[in-house]
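Quick look at start_12.pdb (PDB, C-alpha atoms):
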```pdb
ATOM      1  CA  MET A  15      49.391 181.178 -53.027
ATOM      2  CA  HIS A  16      51.710 180.161 -55.802
ATOM      3  CA  VAL A  17      51.723 177.370 -58.353
ATOM      4  CA  ARG A  18      54.914 175.381 -58.842
ATOM      5  CA  ALA A  19      56.187 172.024 -60.077
ATOM      6  CA  VAL A  20      55.467 169.111 -57.784
ATOM      7  CA  GLN A  21      58.240 167.837 -55.476
ATOM      8  CA  ALA A  22      58.689 164.445 -53.826
ATOM      9  CA  ALA A  23      57.893 165.972 -50.426
ATOM     10  CA  ASP A  24      54.416 166.957 -51.706
ATOM     11  CA  ILE A  25      53.208 163.429 -52.420
ATOM     12  CA  GLY A  26      51.996 162.741 -48.899
ATOM     13  CA  GLN A  27      49.758 165.816 -48.996
ATOM     14  CA  ILE A  28      48.543 164.947 -52.501
ATOM     15  CA  ILE A  29      47.595 161.447 -51.348
ATOM     16  CA  ALA A  30      45.737 162.978 -48.388
ATOM     17  CA  ILE A  31      43.828 165.493 -50.558
ATOM     18  CA  ASP A  32      42.821 162.785 -53.018
ATOM     19  CA  ALA A  33      41.776 160.449 -50.185
ATOM     20  CA  GLU A  34      39.673 163.194 -48.583
ATOM     21  CA  VAL A  35      37.943 163.957 -51.897
ATOM     22  CA  THR A  36      37.452 160.441 -53.261
ATOM     23  CA  GLY A  37      37.330 158.372 -50.074
ATOM     24  CA  LEU A  38      40.094 156.100 -51.420
ATOM     25  CA  GLU A  39      43.759 156.189 -50.402
ATOM     26  CA  LYS A  40      45.782 155.277 -53.488
ATOM     27  CA  THR A  41      49.375 155.488 -52.234
ATOM     28  CA  ASP A  42      51.028 153.261 -54.861
ATOM     29  CA  TYR A  43      49.136 154.973 -57.658
ATOM     30  CA  TRP A  44      50.300 158.446 -56.623
ATOM     31  CA  TYR A  45      53.945 157.449 -56.291
ATOM     32  CA  GLU A  46      53.734 155.940 -59.763
ATOM     33  CA  VAL A  47      52.121 159.130 -61.155
ATOM     34  CA  TYR A  48      54.863 161.159 -59.504
ATOM     35  CA  ARG A  49      57.521 158.911 -61.047
ATOM     36  CA  ARG A  50      56.018 159.290 -64.514
ATOM     37  CA  TYR A  51      54.925 162.936 -64.420
ATOM     38  CA  GLY A  52      56.719 164.618 -61.562
ATOM     39  CA  THR A  53      60.316 163.532 -61.866
ATOM     40  CA  SER A  54      60.674 164.192 -65.571
ATOM     41  CA  GLN A  55      58.413 167.092 -66.443
ATOM     42  CA  THR A  56      58.748 167.555 -70.173
ATOM     43  CA  ARG A  57      56.950 169.355 -72.971
ATOM     44  CA  GLN A  58      54.495 166.462 -72.848
ATOM     45  CA  ARG A  59      53.945 166.106 -69.090
ATOM     46  CA  THR A  60      52.981 168.568 -66.355
ATOM     47  CA  PHE A  61      52.375 167.986 -62.651
ATOM     48  CA  LEU A  62      51.819 171.158 -60.610
ATOM     49  CA  VAL A  63      50.753 172.010 -57.083
ATOM     50  CA  ALA A  64      49.228 175.149 -55.563
ATOM     51  CA  GLU A  65      50.901 175.994 -52.270
ATOM     52  CA  SER A  66      50.152 178.554 -49.625
ATOM     53  CA  GLN A  67      51.909 178.927 -46.271
ATOM     54  CA  GLY A  68      53.781 175.689 -46.807
ATOM     55  CA  THR A  69      50.663 173.630 -47.434
ATOM     56  CA  VAL A  70      49.640 172.029 -50.719
ATOM     57  CA  GLN A  71      46.090 173.250 -51.423
ATOM     58  CA  GLY A  72      45.580 171.462 -54.716
ATOM     59  CA  PHE A  73      47.237 169.866 -57.694
ATOM     60  CA  VAL A  74      46.804 169.376 -61.416
ATOM     61  CA  ILE A  75      48.264 166.840 -63.826
ATOM     62  CA  GLY A  76      48.162 166.978 -67.583
ATOM     63  CA  ASP A  77      49.914 165.911 -70.706
ATOM     64  CA  VAL A  78      50.040 166.599 -74.409
ATOM     65  CA  ARG A  79      48.847 163.682 -76.493
ATOM     66  CA  ASP A  80      49.632 163.469 -80.163
ATOM     67  CA  TRP A  81      47.117 161.997 -82.589
ATOM     68  CA  GLU A  82      45.305 159.869 -80.052
ATOM     69  CA  PHE A  83      41.943 158.779 -81.437
ATOM     70  CA  GLY A  84      42.886 160.604 -84.631
ATOM     71  CA  SER A  85      42.900 163.977 -82.871
ATOM     72  CA  PRO A  86      45.605 166.578 -83.600
ATOM     73  CA  PRO A  87      47.911 167.164 -80.616
ATOM     74  CA  CYS A  88      46.032 168.641 -77.650
ATOM     75  CA  GLY A  89      46.442 169.017 -73.910
ATOM     76  CA  TRP A  90      44.623 166.672 -71.571
ATOM     77  CA  VAL A  91      43.931 167.451 -67.929
ATOM     78  CA  PHE A  92      43.542 164.059 -66.329
ATOM     79  CA  GLY A  93      43.707 165.030 -62.677
ATOM     80  CA  ILE A  94      42.784 168.165 -60.754
ATOM     81  CA  SER A  95      41.786 168.458 -57.126
ATOM     82  CA  VAL A  96      41.570 171.116 -54.435
ATOM     83  CA  ARG A  97      41.580 170.569 -50.697
ATOM     84  CA  PRO A  98      37.881 170.871 -49.670
ATOM     85  CA  GLY A  99      38.695 173.505 -47.040
ATOM     86  CA  ALA A 100      40.467 175.646 -49.645
ATOM     87  CA  ARG A 101      37.708 175.705 -52.254
ATOM     88  CA  LEU A 102      35.947 178.803 -53.593
ATOM     89  CA  GLY A 103      39.215 180.697 -53.351
ATOM     90  CA  GLY A 104      40.323 180.416 -56.959
ATOM     91  CA  VAL A 105      42.826 177.584 -56.398
ATOM     92  CA  GLY A 106      41.327 175.382 -59.134
ATOM     93  CA  THR A 107      41.213 178.294 -61.540
ATOM     94  CA  ARG A 108      44.896 179.101 -60.928
ATOM     95  CA  LEU A 109      45.877 175.462 -61.405
ATOM     96  CA  LEU A 110      43.916 175.107 -64.618
ATOM     97  CA  GLU A 111      45.362 178.352 -65.969
ATOM     98  CA  ALA A 112      48.869 177.129 -65.150
ATOM     99  CA  VAL A 113      48.495 173.764 -66.840
ATOM    100  CA  CYS A 114      46.908 175.447 -69.869
ATOM    101  CA  GLU A 115      49.894 177.772 -70.040
ATOM    102  CA  SER A 116      52.210 174.764 -70.093
ATOM    103  CA  PHE A 117      50.142 173.325 -72.948
ATOM    104  CA  ARG A 118      50.473 176.604 -74.856
ATOM    105  CA  HIS A 119      54.237 176.448 -74.392
ATOM    106  CA  ALA A 120      54.091 172.930 -75.805
ATOM    107  CA  GLY A 121      52.470 174.360 -78.911
ATOM    108  CA  VAL A 122      48.910 173.071 -78.625
ATOM    109  CA  THR A 123      45.778 175.191 -78.872
ATOM    110  CA  ARG A 124      43.127 172.993 -77.272
ATOM    111  CA  VAL A 125      42.628 171.429 -73.856
ATOM    112  CA  ARG A 126      40.377 168.506 -73.024
ATOM    113  CA  THR A 127      39.345 166.560 -69.985
ATOM    114  CA  LEU A 128      37.026 163.726 -69.053
ATOM    115  CA  VAL A 129      34.482 163.918 -66.219
ATOM    116  CA  SER A 130      31.772 161.532 -65.122
ATOM    117  CA  ARG A 131      28.385 163.069 -65.877
ATOM    118  CA  ASP A 132      27.416 162.355 -62.254
ATOM    119  CA  ASN A 133      30.258 164.528 -60.974
ATOM    120  CA  THR A 134      28.313 167.787 -61.028
ATOM    121  CA  LEU A 135      30.821 169.681 -58.892
ATOM    122  CA  VAL A 136      33.772 169.090 -61.191
ATOM    123  CA  LEU A 137      31.650 169.441 -64.339
ATOM    124  CA  SER A 138      30.440 172.822 -63.069
ATOM    125  CA  PHE A 139      34.017 173.887 -62.399
ATOM    126  CA  PHE A 140      35.183 173.091 -65.934
ATOM    127  CA  ARG A 141      32.052 174.744 -67.375
ATOM    128  CA  SER A 142      32.791 177.864 -65.345
ATOM    129  CA  GLN A 143      36.219 177.916 -66.971
ATOM    130  CA  GLY A 144      34.630 178.083 -70.410
ATOM    131  CA  MET A 145      34.933 174.412 -71.334
ATOM    132  CA  THR A 146      32.095 172.925 -73.381
ATOM    133  CA  ALA A 147      31.138 169.492 -74.690
ATOM    134  CA  ALA A 148      33.793 168.190 -77.070
ATOM    135  CA  SER A 149      33.197 166.908 -80.565
ATOM    136  CA  ALA A 150      34.006 163.354 -79.444
ATOM    137  CA  ILE A 151      31.736 160.863 -77.722
ATOM    138  CA  ILE A 152      33.067 158.345 -75.228
ATOM    139  CA  LEU A 153      31.722 154.846 -75.668
ATOM    140  CA  GLU A 154      32.013 151.836 -73.395
ATOM    141  CA  LYS A 155      30.676 148.373 -72.766
ATOM    142  CA  GLY A 156      30.989 145.766 -70.066
ATOM    143  CA  LEU A 157      33.260 142.827 -70.790
ATOM    144  CA  GLU A 158      31.401 140.276 -68.700
ATOM    145  CA  ARG A 159      30.298 137.192 -70.638
TER
ATOM    146  CA  MET B  18      14.924 166.819 -74.011
ATOM    147  CA  LYS B  19      12.614 169.373 -75.628
ATOM    148  CA  LEU B  20      11.936 172.384 -73.446
ATOM    149  CA  GLN B  21       8.507 173.984 -73.342
ATOM    150  CA  LYS B  22       7.912 177.626 -74.132
ATOM    151  CA  SER B  23       7.381 178.497 -70.451
ATOM    152  CA  THR B  24      10.688 176.882 -69.531
ATOM    153  CA  LEU B  25      12.598 178.849 -72.145
ATOM    154  CA  LEU B  26      10.934 182.043 -70.974
ATOM    155  CA  ALA B  27      11.870 181.212 -67.396
ATOM    156  CA  LEU B  28      15.505 180.683 -68.392
ATOM    157  CA  TYR B  29      15.675 183.895 -70.402
ATOM    158  CA  SER B  30      13.982 185.793 -67.575
ATOM    159  CA  VAL B  31      16.228 184.454 -64.833
ATOM    160  CA  LEU B  32      19.269 185.410 -66.889
ATOM    161  CA  GLU B  33      17.889 188.921 -67.442
ATOM    162  CA  PHE B  34      17.465 189.361 -63.684
ATOM    163  CA  ALA B  35      20.733 187.659 -62.734
ATOM    164  CA  ALA B  36      22.733 189.857 -65.117
ATOM    165  CA  ASP B  37      21.832 192.888 -62.984
ATOM    166  CA  PRO B  38      20.719 191.654 -59.543
ATOM    167  CA  ASP B  39      19.977 195.101 -58.104
ATOM    168  CA  ARG B  40      17.728 196.152 -60.939
ATOM    169  CA  GLN B  41      13.956 195.737 -60.728
ATOM    170  CA  ILE B  42      12.421 194.650 -64.013
ATOM    171  CA  THR B  43       8.756 194.379 -64.980
ATOM    172  CA  ALA B  44       7.130 191.497 -66.828
ATOM    173  CA  ALA B  45       6.255 193.911 -69.647
ATOM    174  CA  GLU B  46       9.938 194.776 -70.188
ATOM    175  CA  ILE B  47      10.998 191.167 -70.600
ATOM    176  CA  ALA B  48       7.884 190.238 -72.565
ATOM    177  CA  GLY B  49       8.647 193.042 -75.023
ATOM    178  CA  LYS B  50      12.243 191.949 -75.404
ATOM    179  CA  TYR B  51      11.342 188.346 -76.231
ATOM    180  CA  GLY B  52       8.147 189.038 -78.181
ATOM    181  CA  VAL B  53       5.724 187.206 -75.861
ATOM    182  CA  SER B  54       2.551 188.208 -74.024
ATOM    183  CA  THR B  55       2.949 189.961 -70.670
ATOM    184  CA  HIS B  56       0.176 187.736 -69.299
ATOM    185  CA  HIS B  57       2.120 184.553 -70.081
ATOM    186  CA  LEU B  58       5.379 185.944 -68.785
ATOM    187  CA  SER B  59       3.740 187.131 -65.556
ATOM    188  CA  LYS B  60       2.729 183.547 -64.769
ATOM    189  CA  VAL B  61       6.317 182.406 -65.365
ATOM    190  CA  LEU B  62       7.709 185.129 -63.103
ATOM    191  CA  ARG B  63       5.234 184.280 -60.335
ATOM    192  CA  GLU B  64       6.487 180.681 -60.407
ATOM    193  CA  LEU B  65      10.101 181.872 -60.230
ATOM    194  CA  GLY B  66       9.082 184.089 -57.312
ATOM    195  CA  ARG B  67       7.450 181.176 -55.492
ATOM    196  CA  ALA B  68      10.674 179.201 -55.932
ATOM    197  CA  GLY B  69      12.673 182.008 -54.323
ATOM    198  CA  LEU B  70      14.666 182.931 -57.403
ATOM    199  CA  LEU B  71      12.961 186.329 -57.701
ATOM    200  CA  GLU B  72      11.442 188.698 -55.177
ATOM    201  CA  SER B  73       8.567 190.974 -56.080
ATOM    202  CA  VAL B  74       9.114 194.691 -55.711
ATOM    203  CA  ARG B  75       6.148 196.735 -54.548
ATOM    204  CA  GLY B  76       5.561 200.417 -55.146
ATOM    205  CA  VAL B  77       6.453 202.624 -58.080
ATOM    206  CA  GLY B  78       7.185 200.588 -61.165
ATOM    207  CA  GLY B  79       6.764 197.253 -59.403
ATOM    208  CA  GLY B  80       8.259 194.190 -60.992
ATOM    209  CA  TYR B  81      10.776 191.710 -59.698
ATOM    210  CA  ARG B  82      14.382 191.552 -58.627
ATOM    211  CA  PHE B  83      16.821 188.614 -58.570
ATOM    212  CA  SER B  84      17.185 186.957 -55.172
ATOM    213  CA  GLY B  85      19.332 183.902 -55.789
ATOM    214  CA  ASN B  86      23.020 182.995 -55.968
ATOM    215  CA  THR B  87      24.290 182.958 -59.552
ATOM    216  CA  LYS B  88      27.197 180.685 -58.616
ATOM    217  CA  ARG B  89      24.887 178.090 -57.109
ATOM    218  CA  ILE B  90      21.714 178.075 -59.219
ATOM    219  CA  THR B  91      21.955 175.840 -62.271
ATOM    220  CA  LEU B  92      19.890 175.665 -65.439
ATOM    221  CA  MET B  93      18.378 172.456 -64.073
ATOM    222  CA  ASP B  94      17.137 174.280 -60.950
ATOM    223  CA  VAL B  95      15.022 176.467 -63.234
ATOM    224  CA  ILE B  96      14.016 173.731 -65.680
ATOM    225  CA  GLU B  97      12.753 171.472 -62.889
ATOM    226  CA  LEU B  98      10.197 174.110 -61.919
ATOM    227  CA  PHE B  99       8.475 173.817 -65.287
ATOM    228  CA  GLU B 100       9.258 170.347 -66.656
ATOM    229  CA  ASP B 101       8.743 166.779 -65.536
ATOM    230  CA  ILE B 102      12.305 165.507 -65.827
ATOM    231  CA  SER B 103      11.636 161.996 -64.563
ATOM    232  CA  GLY B 104      12.543 159.196 -66.950
ATOM    233  CA  ARG B 105      10.479 158.342 -70.000
ATOM    234  CA  ALA B 106       7.589 156.019 -69.200
ATOM    235  CA  MET B 107       5.935 153.578 -71.576
ATOM    236  CA  ASN B 108       2.389 154.566 -72.478
ATOM    237  CA  ASP B 109       0.825 151.291 -71.449
ATOM    238  CA  ALA B 110       1.373 148.503 -68.982
ATOM    239  CA  ARG B 111       2.258 145.737 -71.472
ATOM    240  CA  MET B 112       5.783 144.317 -71.773
ATOM    241  CA  PRO B 113       7.752 146.520 -74.225
ATOM    242  CA  SER B 114       8.964 144.886 -77.430
ATOM    243  CA  GLY B 115      12.682 144.588 -78.142
ATOM    244  CA  ASN B 116      12.442 147.547 -80.534
ATOM    245  CA  GLU B 117      10.687 149.702 -77.951
ATOM    246  CA  ALA B 118      13.160 148.807 -75.219
ATOM    247  CA  ALA B 119      16.154 149.453 -77.480
ATOM    248  CA  LEU B 120      14.818 152.832 -78.601
ATOM    249  CA  ALA B 121      13.982 153.768 -75.001
ATOM    250  CA  SER B 122      17.581 152.957 -74.069
ATOM    251  CA  VAL B 123      18.974 155.255 -76.787
ATOM    252  CA  LEU B 124      16.585 158.077 -75.855
ATOM    253  CA  GLY B 125      17.532 157.560 -72.208
ATOM    254  CA  GLU B 126      21.221 158.061 -73.075
ATOM    255  CA  ILE B 127      20.378 161.376 -74.728
ATOM    256  CA  ASP B 128      18.232 162.497 -71.794
ATOM    257  CA  GLU B 129      20.894 161.645 -69.212
ATOM    258  CA  THR B 130      23.516 163.630 -71.121
ATOM    259  CA  ALA B 131      21.135 166.588 -71.406
ATOM    260  CA  LYS B 132      20.331 166.471 -67.691
ATOM    261  CA  ALA B 133      24.018 166.317 -66.732
ATOM    262  CA  THR B 134      24.654 169.333 -68.938
ATOM    263  CA  PHE B 135      21.818 171.358 -67.408
ATOM    264  CA  ARG B 136      22.906 170.377 -63.894
ATOM    265  CA  SER B 137      26.499 171.484 -64.496
ATOM    266  CA  ILE B 138      25.879 174.969 -65.884
ATOM    267  CA  THR B 139      25.298 177.703 -63.326
ATOM    268  CA  LEU B 140      23.698 181.062 -64.059
ATOM    269  CA  ASP B 141      27.132 182.618 -63.562
ATOM    270  CA  THR B 142      28.546 180.405 -66.310
ATOM    271  CA  MET B 143      25.570 181.211 -68.557
ATOM    272  CA  LEU B 144      26.135 184.937 -68.088
ATOM    273  CA  MET B 145      29.754 184.442 -69.121
ATOM    274  CA  LEU B 146      28.627 182.513 -72.225
ATOM    275  CA  ALA B 147      26.064 185.210 -73.006
ATOM    276  CA  ARG B 148      28.727 187.926 -72.825
ATOM    277  CA  ARG B 149      30.912 185.924 -75.196
ATOM    278  CA  ALA B 150      27.997 185.278 -77.548
ATOM    279  CA  ALA B 151      27.168 188.976 -77.588
ATOM    280  CA  ARG B 152      30.704 189.662 -78.804
ATOM    281  CA  SER B 153      30.364 186.994 -81.490
ATOM    282  CA  PRO B 154      28.398 188.159 -84.547
ATOM    283  CA  VAL B 155      27.366 184.574 -85.352
ATOM    284  CA  ALA B 156      26.090 183.450 -81.975
ATOM    285  CA  ALA B 157      24.460 186.650 -80.759
ATOM    286  CA  PRO B 158      21.158 186.518 -82.740
ATOM    287  CA  ALA B 159      20.202 183.145 -81.223
ATOM    288  CA  LEU B 160      20.060 184.670 -77.754
ATOM    289  CA  ARG B 161      17.735 187.453 -78.825
ATOM    290  CA  ARG B 162      15.431 185.420 -81.042
ATOM    291  CA  PRO B 163      11.747 185.813 -80.117
ATOM    292  CA  VAL B 164      10.353 182.783 -78.358
ATOM    293  CA  ASP B 165       7.806 180.870 -80.392
ATOM    294  CA  ASP B 166       6.147 177.503 -80.118
ATOM    295  CA  ASN B 167       8.398 175.936 -82.748
ATOM    296  CA  LEU B 168      11.679 176.968 -81.221
ATOM    297  CA  PRO B 169      14.017 173.976 -81.436
ATOM    298  CA  THR B 170      15.805 173.108 -78.248
TER
END
```

Serialized structure, structure tokens:
Amino acid sequence: MHVRAVQAADIGQIIAIDAEVTGLEKTDYWYEVYRRYGTSQTRQRTFLVAESQGTVQGFVIGDVRDWEFGSPPCGWVFGISVRPGARLGGVGTRLLEAVCESFRHAGVTRVRTLVSRDNTLVLSFFRSQGMTAASAIILEKGLER
Amino acid sequence: MKLQKSTLLALYSVLEFAADPDRQITAAEIAGKYGVSTHHLSKVLRELGRAGLLESVRGVGGGYRFSGNTKRITLMDVIELFEDISGRAMNDARMPSGNEAALASVLGEIDETAKATFRSITLDTMLMLARRAARSPVAAPALRRPVDDNLPT
């Protein structure tokens, strides 16, 4: 297995992995993410896939955000997924390591992510990678009148 | 969420066993390490045995051995054996006041975050954190502090 930058030909497999995991096929969304993060990978933006034997087994997307919410520049992982049949083989770990390495190259020393507290599987994964609760609290409210 | 003494002992004990799954350990060994009575700890270990997390070892030395999967068992799996983790209930049947309902909502937020945290941390992850804490001169004493009734959680 190796981790490399995403290519246009990967998007179909990425859509399929995401649909299998979430139950929603978000074709337009993924082409837009590819346009923004895949076609112009910069210091700020990273979109990687893990591939073995010609098949995409997982992907990760992240970016470096400067001074959002008053926070010094840090890396954000806002998407990571592994094909269910390829789990428990270290694919997620390799992807997270790779995106963290790209953040280090961008000069930041902290990585963050956001996970629903009901998503025990993904929370457990990030915990197993040494991530802990951040110093920020997310707040929300409904906008219905 | 405030954990009871038995729950903390159960967590410490499970981690002791999980750190070296092939090793058989007696209640007296763990009780000595954490400064608690062997009698109390034996009851905790029996409960962990009934839940299938430990298996008792007969013969010379006796004791218990770990029998779970460190990558699958979470802190919540252990906590649930000793704590009632259902939501907070009002003490009486009357309609709660606005103040009571508002405070219950805030306490509920805290409880839900605590539960999600306990559910997401496996024994394997805890062992990794414990190894890191042991290398850190600041964090290490907290893990070896004797258990007492006033231990903040």

Once you count all atoms listed in the file, what closest atom pair and distance in Å to one decimal does each residue of chain B within 6 Å of chain A have, with rows by chain and rising residue number, as JSON lines?
```
{"residue": "B:Ala133", "atom": "CA", "partner": "A:Arg131", "partner_atom": "CA", "distance": 5.5}
{"residue": "B:Ser137", "atom": "CA", "partner": "A:Ser138", "partner_atom": "CA", "distance": 4.4}
{"residue": "B:Ile138", "atom": "CA", "partner": "A:Ser138", "partner_atom": "CA", "distance": 5.8}
{"residue": "B:Thr142", "atom": "CA", "partner": "A:Ser142", "partner_atom": "CA", "distance": 5.0}
```

Output of the above residues as a compact mmCIF listing (two decimals), keeping the file's coordinate frame, restricted to C-alpha atoms:
```txt
# COMPACT_ATOMS: atom_id res chain seq x y z
CA ALA B 133 24.02 166.32 -66.73
CA SER B 137 26.50 171.48 -64.50
CA ILE B 138 25.88 174.97 -65.88
CA THR B 142 28.55 180.40 -66.31
```

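Minimum distance to Phe34 (chain B) across B:Ser122, B:Ser153, B:Thr87, B:Asn116 (counting all atoms listed in the file) occurs at B:Thr87.
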
Hits from the PyMOL selection byres ((chain A and resi 47) around 12), listed as an NGL selection string | :A and (20 or 22 or 25 or 28-29 or 40-46 or 48-55 or 59-61 or 74-77 or 92-93)

Identify, on the basis of all atoms listed in the file, every residue whose closest approach to Glu100 (chain B) does not exceed 10 Å; exclude the query and any residue fewer than 5 positions from it along the same chain; express the result as a list of chain:residue names.
-> B:Met18, B:Lys19, B:Leu20, B:Gln21, B:Ser23, B:Thr24, B:Met93, B:Val95

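Between Ala19 (chain A) and the residues A:Leu102, A:Ala64, A:Val35, A:Ile151, the shortest atom-to-atom distance, using all atoms listed in the file, involves A:Ala64.
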
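Relative to CA of Asp80 (chain A), CA of Ile152 (chain A) is found at 18.0 Å.
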
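Our summary of the geometry notes that CA of Ser84 (chain B) is positioned 8.4 Å from CA of Ala35 (chain B).
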